[in-house]
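What follows is a set of notes on a single structure, which appears directly below.
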Amino acid sequence: MKKLNAAITAVHGVVPEKVLSNKDLEQMVDTNDEWIVSRTGIKERRIVNGGETLSDMGSEVVKEICKKRGISPLEIDMIIVGTVTGDHRFPSTSNIICDKSGATNAWGFDLSAACSGFIYTLVTGQQFIEAGKYKKVIVIGGDIMSSIVSYKDRNTCIIFGDGCAGVLLEPNNEGLGVIDSILKADGSGRDLLIQKNGGSAFPINKNNVEHPDTFVYQEGRSVFKFAVTNMADVSAEIMKKNSLSGDDVDWLVPHQANLRIIDATANRMNLTSDKVMINIEKYGNTTSGTIPLCLWEWESKLKKGDNLILAAFGGGFTWGSVYLKWAY
Ligand code: UT7
């Protein structure tokens, strides 16, 4: 009997309507469209307009996935949410999404792995399916980065955007679904990309509420060096491990942090640009949201049996790659 795999059987994404363009940012900080496009590839990003929460977006993802698959939210066993900007410190955004979407038979939790949040949740959800315990697991990646970015800091506010997307995982015994993964972490990089205040080490109080440490801090140049090397290395590693050449890979689904990092990863994998999913120009870096938002946007182009390599690098540091065969 063939091994039981966890296969993606539906995908949906949600981005806020409000567009924040590079021109808008020129009015807020000392930057310009030419600098942002040439250094990052980003032209605009979406941000929430006040009131819209991650659980609102996540519950829409769950409801749409169920509609597409023709199932009731009551059939969902589990919802895992990769995020660093959940609605609250607790309860988990997963719990709130279960309630708002009507997935009231499901349990779940939030998982914190910054920009690697989606690949970490995907591999976590995969384990519950492969163990045979659950039949329908939804894994979501989403962040409302506008809630933790300072719009006075040009180093970070030009990069990030808001967005949320997710996939349904179901058992597959045709050899489709998640085939392999390599996940890594190195906490010694923690100070280079961090929201320092707001946790138990440095609670927010009246003295630090407006301090730069209360918002996202990134040492861009150092993170770039780690990201460009590690995302390319781990993608090459998973290809080698599975005897895949550039010709065998149909799609690279990279985390959208910087177009230069994406290009370097694709070059290392010997992929032509038409095999690389890129939407950074529209959405910027939505942290956990980038990879499932790409899957959602490219869904109509994907064919059953396509070989996909997902690759991410993020705060922690966390990084990794997933090799999967598209199942529908
Ligand atoms: O998603 C999780 C992982 N994160 C990443 O992978 C992000 C990795 N890092 C990057 O993508 C890039 O480092 C950035 C896009 C963040 C920055 O690009 P960079 O080419 O590394 O620029 P830099 O930080 O070295 O700054 C170059 C110059 C500096 O001026 P000086 O010191 O050369 O005079 C900055 O002050 O550009 C200046 N600068 C800006 N200028 C205009 C920094 N931010 C801006 C800005 N507009 N927004």
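Naming works like this for the structure tokens: A, B, ... for the chains as they're shown, residue 1 at the start of each chain, ligands 1 onward in shown order.
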
Select the residues contacting ligand 1 at a distance of at most 7 Å, based on only C-alpha atoms and all ligand atoms, then format the selection as a short mmCIF file (atom, residue, chain, number, x, y, z; two decimals) with C-alpha atoms, in the first residue's frame.
```cif
data_model
loop_
_atom_site.label_atom_id
_atom_site.label_comp_id
_atom_site.auth_asym_id
_atom_site.auth_seq_id
_atom_site.Cartn_x
_atom_site.Cartn_y
_atom_site.Cartn_z
CA ASP A 30 12.31 59.98 3.56
CA THR A 31 12.17 57.46 0.72
CA ASN A 32 11.30 57.25 -2.95
CA TRP A 35 14.84 53.23 -4.20
CA ILE A 36 12.10 50.88 -3.02
CA ARG A 39 16.18 47.45 -3.70
CA THR A 40 13.12 45.27 -3.07
CA CYS A 115 8.30 34.60 7.69
CA ARG A 154 11.88 53.81 6.49
CA ASN A 155 13.98 50.68 6.99
CA THR A 156 10.91 48.57 7.69
CA ILE A 158 8.44 50.13 3.00
CA ILE A 159 8.80 46.35 3.11
CA GLY A 220 18.42 44.78 6.75
CA ARG A 221 21.88 44.24 5.29
CA VAL A 223 19.45 39.69 7.37
CA PHE A 224 19.80 39.94 3.59
CA ALA A 227 18.47 35.08 3.79
CA ALA A 257 10.91 39.41 1.09
CA ASN A 258 13.08 40.82 -1.63
CA ASN A 285 6.28 41.11 2.47
CA THR A 287 5.41 37.53 6.51
CA PHE A 313 13.58 32.60 5.43
CA GLY A 314 12.55 34.73 8.39
CA GLY A 315 13.06 36.09 11.86
#
```

Write out as a tab-separated table a residue-level contact list of range 190-249 of chain A versus range 130-146 of chain A with cut-off 12 Å: for each qualifying residue the closest pair of atoms and the distance in Å to one decimal, counting only C-alpha atoms, rows sorted by chain and residue number upward.
```
residue	atom	partner	partner_atom	distance
A:Gln195	CA	A:Met145	CA	11.0
A:Phe215	CA	A:Met145	CA	9.9
A:Val216	CA	A:Met145	CA	8.8
```

* **Residue neighbourhood range 11-20 of chain A, 7 Å, only C-alpha atoms, exclusion window fewer than 3 positions, as a PyMOL selection string** => chain A and resi 24+44-49+57+61+64-65+162-168+293+296

* Asked: What residues in range 37-243 of chain A get the DSSP label helix (DSSP H, G or I)? Please answer as an MDAnalysis selection string.
  -> chainID A and resid 37:40 54:69 73:75 93:101 114:130 145:147 154:157 187:192 212:214 220:241

* To do: Just the strand (DSSP E or B) stuff from range 97-214 of chain A, please, per backbone DSSP, written as a VMD selection string.
  => chain A and resid 107 to 111 137 to 144 160 162 to 172 177 to 185 193 to 194

For range 270-281 of chain A, please output as a PDB file with N, CA, C and O atoms, in the first residue's frame all residues within 10 Å (counting only C-alpha atoms; exclusion window: fewer than 4 positions along the same chain).
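Output file part-v2.pdb follows:
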```
ATOM      1  N   VAL A  37      11.710  50.209  -5.343  1.00  0.00           N
ATOM      2  CA  VAL A  37      11.572  49.220  -6.421  1.00  0.00           C
ATOM      3  C   VAL A  37      12.917  48.575  -6.715  1.00  0.00           C
ATOM      4  O   VAL A  37      13.030  47.346  -6.831  1.00  0.00           O
ATOM      5  N   THR A  40      13.996  46.339  -3.586  1.00  0.00           N
ATOM      6  CA  THR A  40      13.121  45.269  -3.069  1.00  0.00           C
ATOM      7  C   THR A  40      12.198  44.652  -4.127  1.00  0.00           C
ATOM      8  O   THR A  40      11.772  43.512  -3.965  1.00  0.00           O
ATOM      9  N   GLY A  41      11.850  45.410  -5.149  1.00  0.00           N
ATOM     10  CA  GLY A  41      10.867  44.936  -6.135  1.00  0.00           C
ATOM     11  C   GLY A  41       9.426  45.287  -5.757  1.00  0.00           C
ATOM     12  O   GLY A  41       8.492  44.957  -6.479  1.00  0.00           O
ATOM     13  N   ILE A  42       9.258  45.977  -4.625  1.00  0.00           N
ATOM     14  CA  ILE A  42       7.890  46.274  -4.149  1.00  0.00           C
ATOM     15  C   ILE A  42       7.388  47.617  -4.726  1.00  0.00           C
ATOM     16  O   ILE A  42       8.104  48.615  -4.679  1.00  0.00           O
ATOM     17  N   LYS A  43       6.139  47.586  -5.266  1.00  0.00           N
ATOM     18  CA  LYS A  43       5.534  48.831  -5.766  1.00  0.00           C
ATOM     19  C   LYS A  43       4.434  49.313  -4.833  1.00  0.00           C
ATOM     20  O   LYS A  43       4.224  50.493  -4.654  1.00  0.00           O
ATOM     21  N   GLU A  44       3.701  48.368  -4.280  1.00  0.00           N
ATOM     22  CA  GLU A  44       2.634  48.718  -3.339  1.00  0.00           C
ATOM     23  C   GLU A  44       2.375  47.540  -2.428  1.00  0.00           C
ATOM     24  O   GLU A  44       2.861  46.432  -2.666  1.00  0.00           O
ATOM     25  N   ARG A  45       1.663  47.786  -1.355  1.00  0.00           N
ATOM     26  CA  ARG A  45       1.289  46.711  -0.440  1.00  0.00           C
ATOM     27  C   ARG A  45      -0.129  47.014   0.047  1.00  0.00           C
ATOM     28  O   ARG A  45      -0.619  48.130  -0.131  1.00  0.00           O
ATOM     29  N   ILE A 159       8.699  47.766   3.478  1.00  0.00           N
ATOM     30  CA  ILE A 159       8.795  46.346   3.113  1.00  0.00           C
ATOM     31  C   ILE A 159       7.473  45.603   3.317  1.00  0.00           C
ATOM     32  O   ILE A 159       7.068  44.798   2.491  1.00  0.00           O
ATOM     33  N   PHE A 160       6.847  45.857   4.475  1.00  0.00           N
ATOM     34  CA  PHE A 160       5.795  44.937   4.927  1.00  0.00           C
ATOM     35  C   PHE A 160       4.385  45.318   4.486  1.00  0.00           C
ATOM     36  O   PHE A 160       4.076  46.500   4.302  1.00  0.00           O
ATOM     37  N   GLY A 161       3.527  44.295   4.370  1.00  0.00           N
ATOM     38  CA  GLY A 161       2.122  44.491   4.063  1.00  0.00           C
ATOM     39  C   GLY A 161       1.287  43.486   4.836  1.00  0.00           C
ATOM     40  O   GLY A 161       1.833  42.660   5.582  1.00  0.00           O
ATOM     41  N   ALA A 236      18.441  24.195  -2.794  1.00  0.00           N
ATOM     42  CA  ALA A 236      19.341  23.289  -3.523  1.00  0.00           C
ATOM     43  C   ALA A 236      19.438  21.956  -2.775  1.00  0.00           C
ATOM     44  O   ALA A 236      19.468  20.880  -3.394  1.00  0.00           O
ATOM     45  N   SER A 245      16.291  17.947 -10.788  1.00  0.00           N
ATOM     46  CA  SER A 245      17.044  18.968 -11.517  1.00  0.00           C
ATOM     47  C   SER A 245      16.113  20.166 -11.716  1.00  0.00           C
ATOM     48  O   SER A 245      14.906  20.082 -11.434  1.00  0.00           O
ATOM     49  N   GLY A 246      16.659  21.252 -12.246  1.00  0.00           N
ATOM     50  CA  GLY A 246      15.827  22.427 -12.554  1.00  0.00           C
ATOM     51  C   GLY A 246      14.674  22.071 -13.485  1.00  0.00           C
ATOM     52  O   GLY A 246      13.572  22.610 -13.365  1.00  0.00           O
ATOM     53  N   ASP A 247      14.945  21.140 -14.420  1.00  0.00           N
ATOM     54  CA  ASP A 247      13.893  20.739 -15.371  1.00  0.00           C
ATOM     55  C   ASP A 247      12.736  20.017 -14.678  1.00  0.00           C
ATOM     56  O   ASP A 247      11.596  20.054 -15.144  1.00  0.00           O
ATOM     57  N   ASP A 248      13.039  19.320 -13.578  1.00  0.00           N
ATOM     58  CA  ASP A 248      11.992  18.552 -12.874  1.00  0.00           C
ATOM     59  C   ASP A 248      11.061  19.448 -12.052  1.00  0.00           C
ATOM     60  O   ASP A 248       9.958  19.041 -11.695  1.00  0.00           O
ATOM     61  N   VAL A 249      11.563  20.636 -11.691  1.00  0.00           N
ATOM     62  CA  VAL A 249      10.761  21.521 -10.832  1.00  0.00           C
ATOM     63  C   VAL A 249       9.851  22.379 -11.708  1.00  0.00           C
ATOM     64  O   VAL A 249      10.309  23.045 -12.632  1.00  0.00           O
ATOM     65  N   ASP A 250       8.546  22.330 -11.421  1.00  0.00           N
ATOM     66  CA  ASP A 250       7.599  23.133 -12.209  1.00  0.00           C
ATOM     67  C   ASP A 250       7.452  24.538 -11.652  1.00  0.00           C
ATOM     68  O   ASP A 250       7.268  25.488 -12.395  1.00  0.00           O
ATOM     69  N   TRP A 251       7.513  24.651 -10.311  1.00  0.00           N
ATOM     70  CA  TRP A 251       7.305  25.966  -9.698  1.00  0.00           C
ATOM     71  C   TRP A 251       8.159  26.131  -8.444  1.00  0.00           C
ATOM     72  O   TRP A 251       8.203  25.228  -7.602  1.00  0.00           O
ATOM     73  N   LEU A 252       8.787  27.302  -8.334  1.00  0.00           N
ATOM     74  CA  LEU A 252       9.364  27.731  -7.062  1.00  0.00           C
ATOM     75  C   LEU A 252       8.365  28.693  -6.435  1.00  0.00           C
ATOM     76  O   LEU A 252       7.902  29.634  -7.096  1.00  0.00           O
ATOM     77  N   VAL A 253       7.999  28.423  -5.182  1.00  0.00           N
ATOM     78  CA  VAL A 253       7.088  29.318  -4.454  1.00  0.00           C
ATOM     79  C   VAL A 253       7.890  29.932  -3.314  1.00  0.00           C
ATOM     80  O   VAL A 253       7.969  29.371  -2.218  1.00  0.00           O
ATOM     81  N   PRO A 254       8.524  31.070  -3.571  1.00  0.00           N
ATOM     82  CA  PRO A 254       9.436  31.626  -2.570  1.00  0.00           C
ATOM     83  C   PRO A 254       8.749  32.630  -1.644  1.00  0.00           C
ATOM     84  O   PRO A 254       7.802  33.324  -2.054  1.00  0.00           O
ATOM     85  N   HIS A 255       9.241  32.718  -0.422  1.00  0.00           N
ATOM     86  CA  HIS A 255       8.828  33.818   0.447  1.00  0.00           C
ATOM     87  C   HIS A 255       9.164  35.131  -0.260  1.00  0.00           C
ATOM     88  O   HIS A 255      10.230  35.255  -0.875  1.00  0.00           O
ATOM     89  N   GLN A 256       8.240  36.091  -0.163  1.00  0.00           N
ATOM     90  CA  GLN A 256       8.406  37.346  -0.905  1.00  0.00           C
ATOM     91  C   GLN A 256       8.965  38.422   0.028  1.00  0.00           C
ATOM     92  O   GLN A 256       8.229  39.244   0.566  1.00  0.00           O
ATOM     93  N   ALA A 257      10.293  38.390   0.231  1.00  0.00           N
ATOM     94  CA  ALA A 257      10.908  39.411   1.089  1.00  0.00           C
ATOM     95  C   ALA A 257      11.654  40.424   0.261  1.00  0.00           C
ATOM     96  O   ALA A 257      11.706  41.610   0.610  1.00  0.00           O
ATOM     97  N   ASN A 258      12.249  39.949  -0.821  1.00  0.00           N
ATOM     98  CA  ASN A 258      13.082  40.824  -1.632  1.00  0.00           C
ATOM     99  C   ASN A 258      13.301  40.127  -2.978  1.00  0.00           C
ATOM    100  O   ASN A 258      13.704  38.968  -3.011  1.00  0.00           O
ATOM    101  N   LEU A 259      13.034  40.854  -4.059  1.00  0.00           N
ATOM    102  CA  LEU A 259      13.158  40.265  -5.395  1.00  0.00           C
ATOM    103  C   LEU A 259      14.566  39.739  -5.647  1.00  0.00           C
ATOM    104  O   LEU A 259      14.752  38.711  -6.317  1.00  0.00           O
ATOM    105  N   ILE A 262      14.830  36.303  -4.147  1.00  0.00           N
ATOM    106  CA  ILE A 262      14.078  35.344  -4.970  1.00  0.00           C
ATOM    107  C   ILE A 262      14.890  34.980  -6.214  1.00  0.00           C
ATOM    108  O   ILE A 262      15.051  33.797  -6.551  1.00  0.00           O
ATOM    109  N   ASP A 263      15.456  35.989  -6.892  1.00  0.00           N
ATOM    110  CA  ASP A 263      16.233  35.736  -8.110  1.00  0.00           C
ATOM    111  C   ASP A 263      17.441  34.849  -7.811  1.00  0.00           C
ATOM    112  O   ASP A 263      17.759  33.932  -8.577  1.00  0.00           O
ATOM    113  N   ALA A 264      18.125  35.123  -6.693  1.00  0.00           N
ATOM    114  CA  ALA A 264      19.318  34.345  -6.340  1.00  0.00           C
ATOM    115  C   ALA A 264      18.934  32.879  -6.091  1.00  0.00           C
ATOM    116  O   ALA A 264      19.644  31.961  -6.502  1.00  0.00           O
ATOM    117  N   THR A 265      17.780  32.672  -5.430  1.00  0.00           N
ATOM    118  CA  THR A 265      17.330  31.298  -5.145  1.00  0.00           C
ATOM    119  C   THR A 265      16.998  30.571  -6.454  1.00  0.00           C
ATOM    120  O   THR A 265      17.408  29.432  -6.667  1.00  0.00           O
ATOM    121  N   ALA A 266      16.275  31.263  -7.336  1.00  0.00           N
ATOM    122  CA  ALA A 266      15.892  30.648  -8.622  1.00  0.00           C
ATOM    123  C   ALA A 266      17.129  30.310  -9.453  1.00  0.00           C
ATOM    124  O   ALA A 266      17.201  29.239 -10.067  1.00  0.00           O
ATOM    125  N   ASN A 285       5.990  42.280   1.631  1.00  0.00           N
ATOM    126  CA  ASN A 285       6.283  41.109   2.471  1.00  0.00           C
ATOM    127  C   ASN A 285       5.170  40.960   3.515  1.00  0.00           C
ATOM    128  O   ASN A 285       5.104  41.740   4.467  1.00  0.00           O
ATOM    129  N   THR A 286       4.319  39.970   3.321  1.00  0.00           N
ATOM    130  CA  THR A 286       3.209  39.744   4.261  1.00  0.00           C
ATOM    131  C   THR A 286       3.575  38.665   5.294  1.00  0.00           C
ATOM    132  O   THR A 286       2.706  38.032   5.888  1.00  0.00           O
ATOM    133  N   THR A 290       2.960  35.180   2.587  1.00  0.00           N
ATOM    134  CA  THR A 290       3.450  35.279   1.202  1.00  0.00           C
ATOM    135  C   THR A 290       3.266  33.991   0.397  1.00  0.00           C
ATOM    136  O   THR A 290       2.779  34.041  -0.737  1.00  0.00           O
ATOM    137  N   ILE A 291       3.675  32.863   0.951  1.00  0.00           N
ATOM    138  CA  ILE A 291       3.667  31.616   0.162  1.00  0.00           C
ATOM    139  C   ILE A 291       2.238  31.151  -0.154  1.00  0.00           C
ATOM    140  O   ILE A 291       1.927  30.880  -1.326  1.00  0.00           O
ATOM    141  N   LEU A 293      -0.398  32.971  -0.326  1.00  0.00           N
ATOM    142  CA  LEU A 293      -1.005  33.962  -1.246  1.00  0.00           C
ATOM    143  C   LEU A 293      -0.551  33.681  -2.672  1.00  0.00           C
ATOM    144  O   LEU A 293      -1.331  33.826  -3.621  1.00  0.00           O
ATOM    145  N   CYS A 294       0.703  33.265  -2.852  1.00  0.00           N
ATOM    146  CA  CYS A 294       1.171  32.885  -4.191  1.00  0.00           C
ATOM    147  C   CYS A 294       0.395  31.672  -4.693  1.00  0.00           C
ATOM    148  O   CYS A 294      -0.080  31.648  -5.835  1.00  0.00           O
ATOM    149  N   LEU A 295       0.246  30.652  -3.847  1.00  0.00           N
ATOM    150  CA  LEU A 295      -0.475  29.439  -4.273  1.00  0.00           C
ATOM    151  C   LEU A 295      -1.890  29.799  -4.719  1.00  0.00           C
ATOM    152  O   LEU A 295      -2.412  29.275  -5.709  1.00  0.00           O
ATOM    153  N   GLU A 297      -2.966  32.752  -5.860  1.00  0.00           N
ATOM    154  CA  GLU A 297      -2.970  33.510  -7.123  1.00  0.00           C
ATOM    155  C   GLU A 297      -2.622  32.645  -8.332  1.00  0.00           C
ATOM    156  O   GLU A 297      -3.047  32.937  -9.436  1.00  0.00           O
ATOM    157  N   TRP A 298      -1.808  31.619  -8.107  1.00  0.00           N
ATOM    158  CA  TRP A 298      -1.369  30.771  -9.224  1.00  0.00           C
ATOM    159  C   TRP A 298      -2.220  29.504  -9.360  1.00  0.00           C
ATOM    160  O   TRP A 298      -1.949  28.671 -10.209  1.00  0.00           O
ATOM    161  N   LEU A 308       6.405  21.258  -6.882  1.00  0.00           N
ATOM    162  CA  LEU A 308       6.578  22.600  -6.313  1.00  0.00           C
ATOM    163  C   LEU A 308       7.642  22.562  -5.224  1.00  0.00           C
ATOM    164  O   LEU A 308       7.662  21.627  -4.411  1.00  0.00           O
ATOM    165  N   ILE A 309       8.511  23.578  -5.210  1.00  0.00           N
ATOM    166  CA  ILE A 309       9.414  23.766  -4.080  1.00  0.00           C
ATOM    167  C   ILE A 309       9.020  25.073  -3.396  1.00  0.00           C
ATOM    168  O   ILE A 309       8.991  26.140  -4.028  1.00  0.00           O
TER     169      ILE A 309
END
```

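Considering the residues A:Asn95, A:Gly50, A:Gly70, A:Gly125 and counting only C-alpha atoms, Val178 in chain A has its shortest atom-to-atom contact with A:Gly125.
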
* **Among the residues A:Lys325, A:Lys23, A:Lys67, A:Lys184, the one that comes closest to Met231 in chain A [using only C-alpha atoms]** => A:Lys184

* Interatomic distance (Å, one decimal) between CA of Leu122 in chain A and CA of Thr229 in chain A -> 22.8 Å
